[in-house]
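Source file: start.cif. Holds: mmCIF, C-alpha atoms.
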```cif
data_upload
loop_
_atom_site.group_PDB
_atom_site.id
_atom_site.type_symbol
_atom_site.label_atom_id
_atom_site.label_comp_id
_atom_site.auth_asym_id
_atom_site.auth_seq_id
_atom_site.Cartn_x
_atom_site.Cartn_y
_atom_site.Cartn_z
ATOM 1 C CA MET Z 1 -10.882 3.435 -14.844
ATOM 2 C CA ILE Z 2 -10.020 0.667 -12.475
ATOM 3 C CA TYR Z 3 -11.675 0.513 -9.087
ATOM 4 C CA SER Z 4 -10.623 -2.247 -6.749
ATOM 5 C CA THR Z 5 -10.979 -2.806 -3.032
ATOM 6 C CA ALA Z 6 -10.042 -5.425 -0.464
ATOM 7 C CA THR Z 7 -10.323 -5.519 3.321
ATOM 8 C CA VAL Z 8 -8.657 -7.836 5.838
ATOM 9 C CA ALA Z 9 -8.776 -8.113 9.613
ATOM 10 C CA VAL Z 10 -5.597 -6.766 11.194
ATOM 11 C CA ASN Z 11 -5.845 -9.297 14.005
ATOM 12 C CA PRO Z 12 -7.297 -12.593 12.749
ATOM 13 C CA ALA Z 13 -7.465 -15.560 15.113
ATOM 14 C CA GLY Z 14 -4.129 -17.259 15.588
ATOM 15 C CA GLU Z 15 -1.961 -14.220 14.763
ATOM 16 C CA ALA Z 16 0.008 -12.096 17.204
ATOM 17 C CA PRO Z 17 -2.149 -9.005 17.733
ATOM 18 C CA LEU Z 18 -1.075 -5.624 16.407
ATOM 19 C CA THR Z 19 -2.179 -2.322 17.867
ATOM 20 C CA ARG Z 20 -3.341 0.448 15.549
ATOM 21 C CA ALA Z 21 -0.034 2.237 16.191
ATOM 22 C CA GLN Z 22 1.973 -0.861 15.234
ATOM 23 C CA ALA Z 23 -0.085 -1.487 12.081
ATOM 24 C CA TRP Z 24 0.313 2.219 11.222
ATOM 25 C CA ALA Z 25 4.083 2.040 11.739
ATOM 26 C CA GLY Z 26 4.164 -0.870 9.274
ATOM 27 C CA LEU Z 27 2.232 1.137 6.673
ATOM 28 C CA VAL Z 28 4.614 4.084 7.059
ATOM 29 C CA LEU Z 29 7.639 1.809 6.672
ATOM 30 C CA LYS Z 30 6.068 0.256 3.565
ATOM 31 C CA ALA Z 31 5.521 3.732 2.092
ATOM 32 C CA ARG Z 32 9.124 4.701 2.791
ATOM 33 C CA ASP Z 33 10.682 1.483 1.442
ATOM 34 C CA ALA Z 34 8.528 -1.025 -0.398
ATOM 35 C CA ARG Z 35 11.493 -3.418 -0.736
ATOM 36 C CA GLU Z 36 10.906 -4.518 2.875
ATOM 37 C CA PHE Z 37 7.333 -5.560 2.102
ATOM 38 C CA LEU Z 38 7.259 -6.901 -1.466
ATOM 39 C CA PRO Z 39 8.519 -10.286 -2.688
ATOM 40 C CA PRO Z 40 12.302 -10.424 -3.231
ATOM 41 C CA ASN Z 41 13.514 -8.552 -6.327
ATOM 42 C CA LEU Z 42 10.044 -7.197 -7.217
ATOM 43 C CA CYS Z 43 11.061 -3.738 -5.996
ATOM 44 C CA THR Z 44 14.666 -3.020 -6.928
ATOM 45 C CA LYS Z 45 14.756 0.678 -6.018
ATOM 46 C CA CYS Z 46 12.788 2.730 -3.520
ATOM 47 C CA ASP Z 47 14.163 6.111 -2.515
ATOM 48 C CA VAL Z 48 12.485 8.948 -0.646
ATOM 49 C CA VAL Z 49 13.500 12.063 -2.607
ATOM 50 C CA GLU Z 50 11.388 14.682 -0.802
ATOM 51 C CA GLU Z 51 9.876 14.841 2.639
ATOM 52 C CA SER Z 52 7.544 17.136 4.589
ATOM 53 C CA ALA Z 53 5.338 16.877 7.665
ATOM 54 C CA THR Z 54 2.403 15.626 5.584
ATOM 55 C CA HIS Z 55 3.898 13.695 2.686
ATOM 56 C CA ILE Z 56 6.889 12.114 1.036
ATOM 57 C CA VAL Z 57 7.835 11.711 -2.599
ATOM 58 C CA ARG Z 58 9.441 8.430 -3.550
ATOM 59 C CA GLU Z 59 10.995 7.124 -6.724
ATOM 60 C CA ALA Z 60 10.833 3.374 -7.141
ATOM 61 C CA THR Z 61 11.331 0.602 -9.626
ATOM 62 C CA ILE Z 62 8.681 -2.063 -9.139
ATOM 63 C CA ALA Z 63 8.302 -5.015 -11.504
ATOM 64 C CA GLY Z 64 10.811 -3.326 -13.807
ATOM 65 C CA GLN Z 65 8.745 -0.133 -14.080
ATOM 66 C CA ASP Z 66 10.045 3.222 -12.879
ATOM 67 C CA LEU Z 67 7.541 5.345 -10.998
ATOM 68 C CA ARG Z 68 7.290 8.440 -8.862
ATOM 69 C CA GLU Z 69 4.673 8.636 -6.134
ATOM 70 C CA ILE Z 70 3.525 11.414 -3.859
ATOM 71 C CA ILE Z 71 2.532 9.668 -0.631
ATOM 72 C CA CYS Z 72 0.287 11.511 1.820
ATOM 73 C CA PHE Z 73 -0.244 10.493 5.436
ATOM 74 C CA GLU Z 74 -3.361 10.932 7.557
ATOM 75 C CA PRO Z 75 -1.775 9.806 10.845
ATOM 76 C CA GLN Z 76 -2.965 6.505 12.312
ATOM 77 C CA SER Z 77 -5.576 6.265 9.546
ATOM 78 C CA LYS Z 78 -4.710 6.501 5.868
ATOM 79 C CA VAL Z 79 -1.792 6.392 3.431
ATOM 80 C CA THR Z 80 -2.562 7.636 -0.094
ATOM 81 C CA PHE Z 81 -0.204 6.900 -2.988
ATOM 82 C CA PHE Z 82 -0.688 9.330 -5.881
ATOM 83 C CA GLN Z 83 0.832 7.958 -9.069
ATOM 84 C CA ALA Z 84 2.742 10.960 -10.438
ATOM 85 C CA THR Z 85 4.673 9.036 -13.118
ATOM 86 C CA GLY Z 86 4.769 5.433 -14.237
ATOM 87 C CA PRO Z 87 2.323 3.093 -15.919
ATOM 88 C CA ARG Z 88 -0.644 4.064 -13.737
ATOM 89 C CA GLU Z 89 -2.347 7.357 -12.913
ATOM 90 C CA GLY Z 90 -4.646 7.896 -9.981
ATOM 91 C CA ALA Z 91 -4.598 7.018 -6.297
ATOM 92 C CA ILE Z 92 -4.042 3.902 -4.216
ATOM 93 C CA ILE Z 93 -5.145 4.058 -0.571
ATOM 94 C CA ASN Z 94 -4.349 1.907 2.478
ATOM 95 C CA GLU Z 95 -6.704 2.653 5.372
ATOM 96 C CA LEU Z 96 -6.941 1.467 8.968
ATOM 97 C CA PHE Z 97 -10.407 1.542 10.515
ATOM 98 C CA GLU Z 98 -12.606 -0.223 13.051
ATOM 99 C CA ASP Z 99 -15.560 -2.206 11.743
ATOM 100 C CA ALA Z 100 -19.028 -2.168 13.355
ATOM 101 C CA SER Z 101 -17.874 -4.643 16.022
ATOM 102 C CA GLY Z 102 -14.795 -2.568 16.895
ATOM 103 C CA GLN Z 103 -12.271 -4.866 15.186
ATOM 104 C CA LEU Z 104 -9.314 -3.203 13.474
ATOM 105 C CA GLN Z 105 -9.362 -3.640 9.686
ATOM 106 C CA LEU Z 106 -6.956 -2.774 6.870
ATOM 107 C CA ARG Z 107 -8.547 -1.751 3.585
ATOM 108 C CA PHE Z 108 -6.989 -1.190 0.198
ATOM 109 C CA TYR Z 109 -8.813 0.685 -2.510
ATOM 110 C CA CYS Z 110 -7.768 2.371 -5.701
ATOM 111 C CA TYR Z 111 -9.065 4.540 -8.493
ATOM 112 C CA ILE Z 112 -6.549 4.324 -11.294
ATOM 113 C CA GLY Z 113 -6.155 4.275 -15.026
ATOM 114 C CA LEU Z 114 -3.345 3.088 -17.250
ATOM 115 C CA ARG Z 115 -1.413 5.874 -18.941
ATOM 116 C CA GLY Z 116 -1.662 5.790 -22.721
ATOM 117 C CA LYS Z 117 -4.118 2.868 -22.739
ATOM 118 C CA GLU Z 118 -7.732 2.752 -23.832
ATOM 119 C CA PRO Z 119 -10.079 3.376 -20.883
ATOM 120 C CA ASN Z 120 -11.724 0.065 -19.940
ATOM 121 C CA GLY Z 121 -9.721 -1.594 -22.725
ATOM 122 C CA LEU Z 122 -8.146 -5.029 -22.553
ATOM 123 C CA GLU Z 123 -5.128 -3.819 -20.556
ATOM 124 C CA GLU Z 124 -7.296 -2.158 -17.906
ATOM 125 C CA GLN Z 125 -9.621 -5.150 -17.772
ATOM 126 C CA SER Z 126 -6.620 -7.427 -17.248
ATOM 127 C CA GLU Z 127 -5.243 -5.179 -14.513
ATOM 128 C CA GLN Z 128 -8.673 -5.059 -12.838
ATOM 129 C CA ALA Z 129 -8.836 -8.865 -12.817
ATOM 130 C CA GLN Z 130 -5.339 -9.062 -11.283
ATOM 131 C CA PHE Z 131 -6.171 -6.526 -8.564
ATOM 132 C CA ASP Z 132 -9.369 -8.383 -7.676
ATOM 133 C CA SER Z 133 -7.799 -11.864 -7.667
ATOM 134 C CA ASP Z 134 -6.558 -13.796 -4.639
ATOM 135 C CA LYS Z 135 -3.025 -12.816 -5.701
ATOM 136 C CA GLY Z 136 -3.918 -9.133 -5.953
ATOM 137 C CA TYR Z 137 -4.173 -6.498 -3.288
ATOM 138 C CA LYS Z 138 -5.793 -8.732 -0.663
ATOM 139 C CA ALA Z 139 -2.598 -10.817 -0.747
ATOM 140 C CA ALA Z 140 -0.576 -7.580 -0.513
ATOM 141 C CA LEU Z 141 -2.502 -6.518 2.598
ATOM 142 C CA LEU Z 142 -1.909 -9.891 4.230
ATOM 143 C CA SER Z 143 1.801 -9.842 3.393
ATOM 144 C CA THR Z 144 2.083 -6.272 4.748
ATOM 145 C CA LEU Z 145 0.625 -7.369 8.078
ATOM 146 C CA LYS Z 146 2.841 -10.470 8.125
ATOM 147 C CA ARG Z 147 5.976 -8.382 7.509
ATOM 148 C CA THR Z 148 4.855 -5.869 10.155
ATOM 149 C CA ARG Z 149 4.592 -8.713 12.695
ATOM 150 C CA GLU Z 150 8.052 -9.973 11.698
ATOM 151 C CA LEU Z 151 9.597 -6.520 12.152
ATOM 152 C CA LEU Z 152 7.862 -6.146 15.513
ATOM 153 C CA SER Z 153 9.143 -9.527 16.723
ATOM 154 C CA GLN Z 154 12.666 -8.521 15.637
ATOM 155 C CA GLY Z 155 12.441 -5.271 17.594
ATOM 156 C CA LYS Z 156 12.604 -3.209 14.372
ATOM 157 C CA LEU Z 157 9.209 -1.568 14.677
ATOM 158 C CA SER Z 158 7.932 1.096 17.032
ATOM 159 C CA GLY Z 159 4.390 2.319 17.394
ATOM 160 C CA GLY Z 160 5.133 6.024 17.312
ATOM 161 C CA VAL Z 161 5.916 6.681 13.657
ATOM 162 C CA GLN Z 162 4.192 9.627 11.862
#
```

Do you think you could lay out the structure here as structure tokens?
Amino acid sequence: MIYSTATVAVNPAGEAPLTRAQAWAGLVLKARDAREFLPPNLCTKCDVVEESATHIVREATIAGQDLREIICFEPQSKVTFFQATGPREGAIINELFEDASGQLQLRFYCYIGLRGKEPNGLEEQSEQAQFDSDKGYKAALLSTLKRTRELLSQGKLSGGVQ
């Protein structure tokens, strides 16, 4: 099993501040269409195929791999991506929370395995190293917040989503 976590401040010095509602709206948009938030051509398909009050199901092609995810929303707090099909199985979570000093934080964490691969084998160890690297999920959190700020400045983001 792979366990990885990263946390970043939503409002670091020098950046336009985001409210919790704005950061949440960005997370919901990312869940609905990852193409807006990932590097160009990394995600070539991202379609919501089912929707309810509590979750969506999306089918996507990311890094050439087809996957289906059940994405659950805990409003203004947590988005959980359950890997229904694709190379990984398990859950990936994005969570908004206030730290002990009251500053808004965005945390990623995951508990996943690789389908059809040896548990804790070379492939999982390699994936763990990638997740934990500076180019892993910490970079993804930072790029999510950057894209959220861009959408807000373009008037394409509201704070009242989900």

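Among the candidate residues Z:Gln130, Z:Thr61, Z:Thr54, Z:Thr148, the one lying nearest to Val79 of chain Z is Z:Thr54, with distances computed using all atoms listed in the file.
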
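Between atom CA of Ile2 of chain Z and atom CA of Ala23 of chain Z there is a distance of 26.6 Å.
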
With the file shown as input, list the residues that the PyMOL selection byres ((chain Z and resi 106-117) around 8) selects, as an MDAnalysis selection string.
chainID Z and resid 1:10 86:97 104:105 118:119 121 123:124 137:138 141

Report as a ChimeraX atom specification the full result of the PyMOL selection byres ((chain Z and resi 68-75) around 8) when it is applied to this structure.
/Z:24,31,54-60,66-67,76-86,162

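Taking atom CA of Ser158 of chain Z as the reference point, atom CA of Leu27 of chain Z is found at 11.8 Å.
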
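Selection result for the displayed file, with the PyMOL selection byres ((chain Z and resi 63) around 8) as criterion, is Leu42, Cys43, Thr61, Ile62, Gly64 and Gln65 of chain Z.
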
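You will find atom CA of Thr44 of chain Z at 22.0 Å from atom CA of Ala25 of chain Z.
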
Return as lines of an AutoDock Vina configuration file the box centre and box size in Å, one decimal, for an axis-aligned box around all listed atoms of segment 18-33 of chain Z padded by 5 Å per side.
```
center_x = 3.7
center_y = -0.5
center_z = 9.7
size_x = 24.0
size_y = 20.3
size_z = 26.4
```

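Across Z:Ala129, Z:Ala140, Z:Ala100, Z:Val48, the tightest approach to Leu29 of chain Z is made by Z:Val48 when counting all atoms listed in the file.
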
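Nearest-residue note for Leu18 of chain Z: choosing from Z:Ser153, Z:Ser133, Z:Ser143, Z:Ser126, the minimum distance belongs to Z:Ser153, counting only C-alpha atoms.
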
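Distances from Z:Glu150, Z:Ala16, Z:Gly136, Z:Arg32 to Glu50 of chain Z were compared using all atoms listed in the file, and the smallest one belongs to Z:Arg32.
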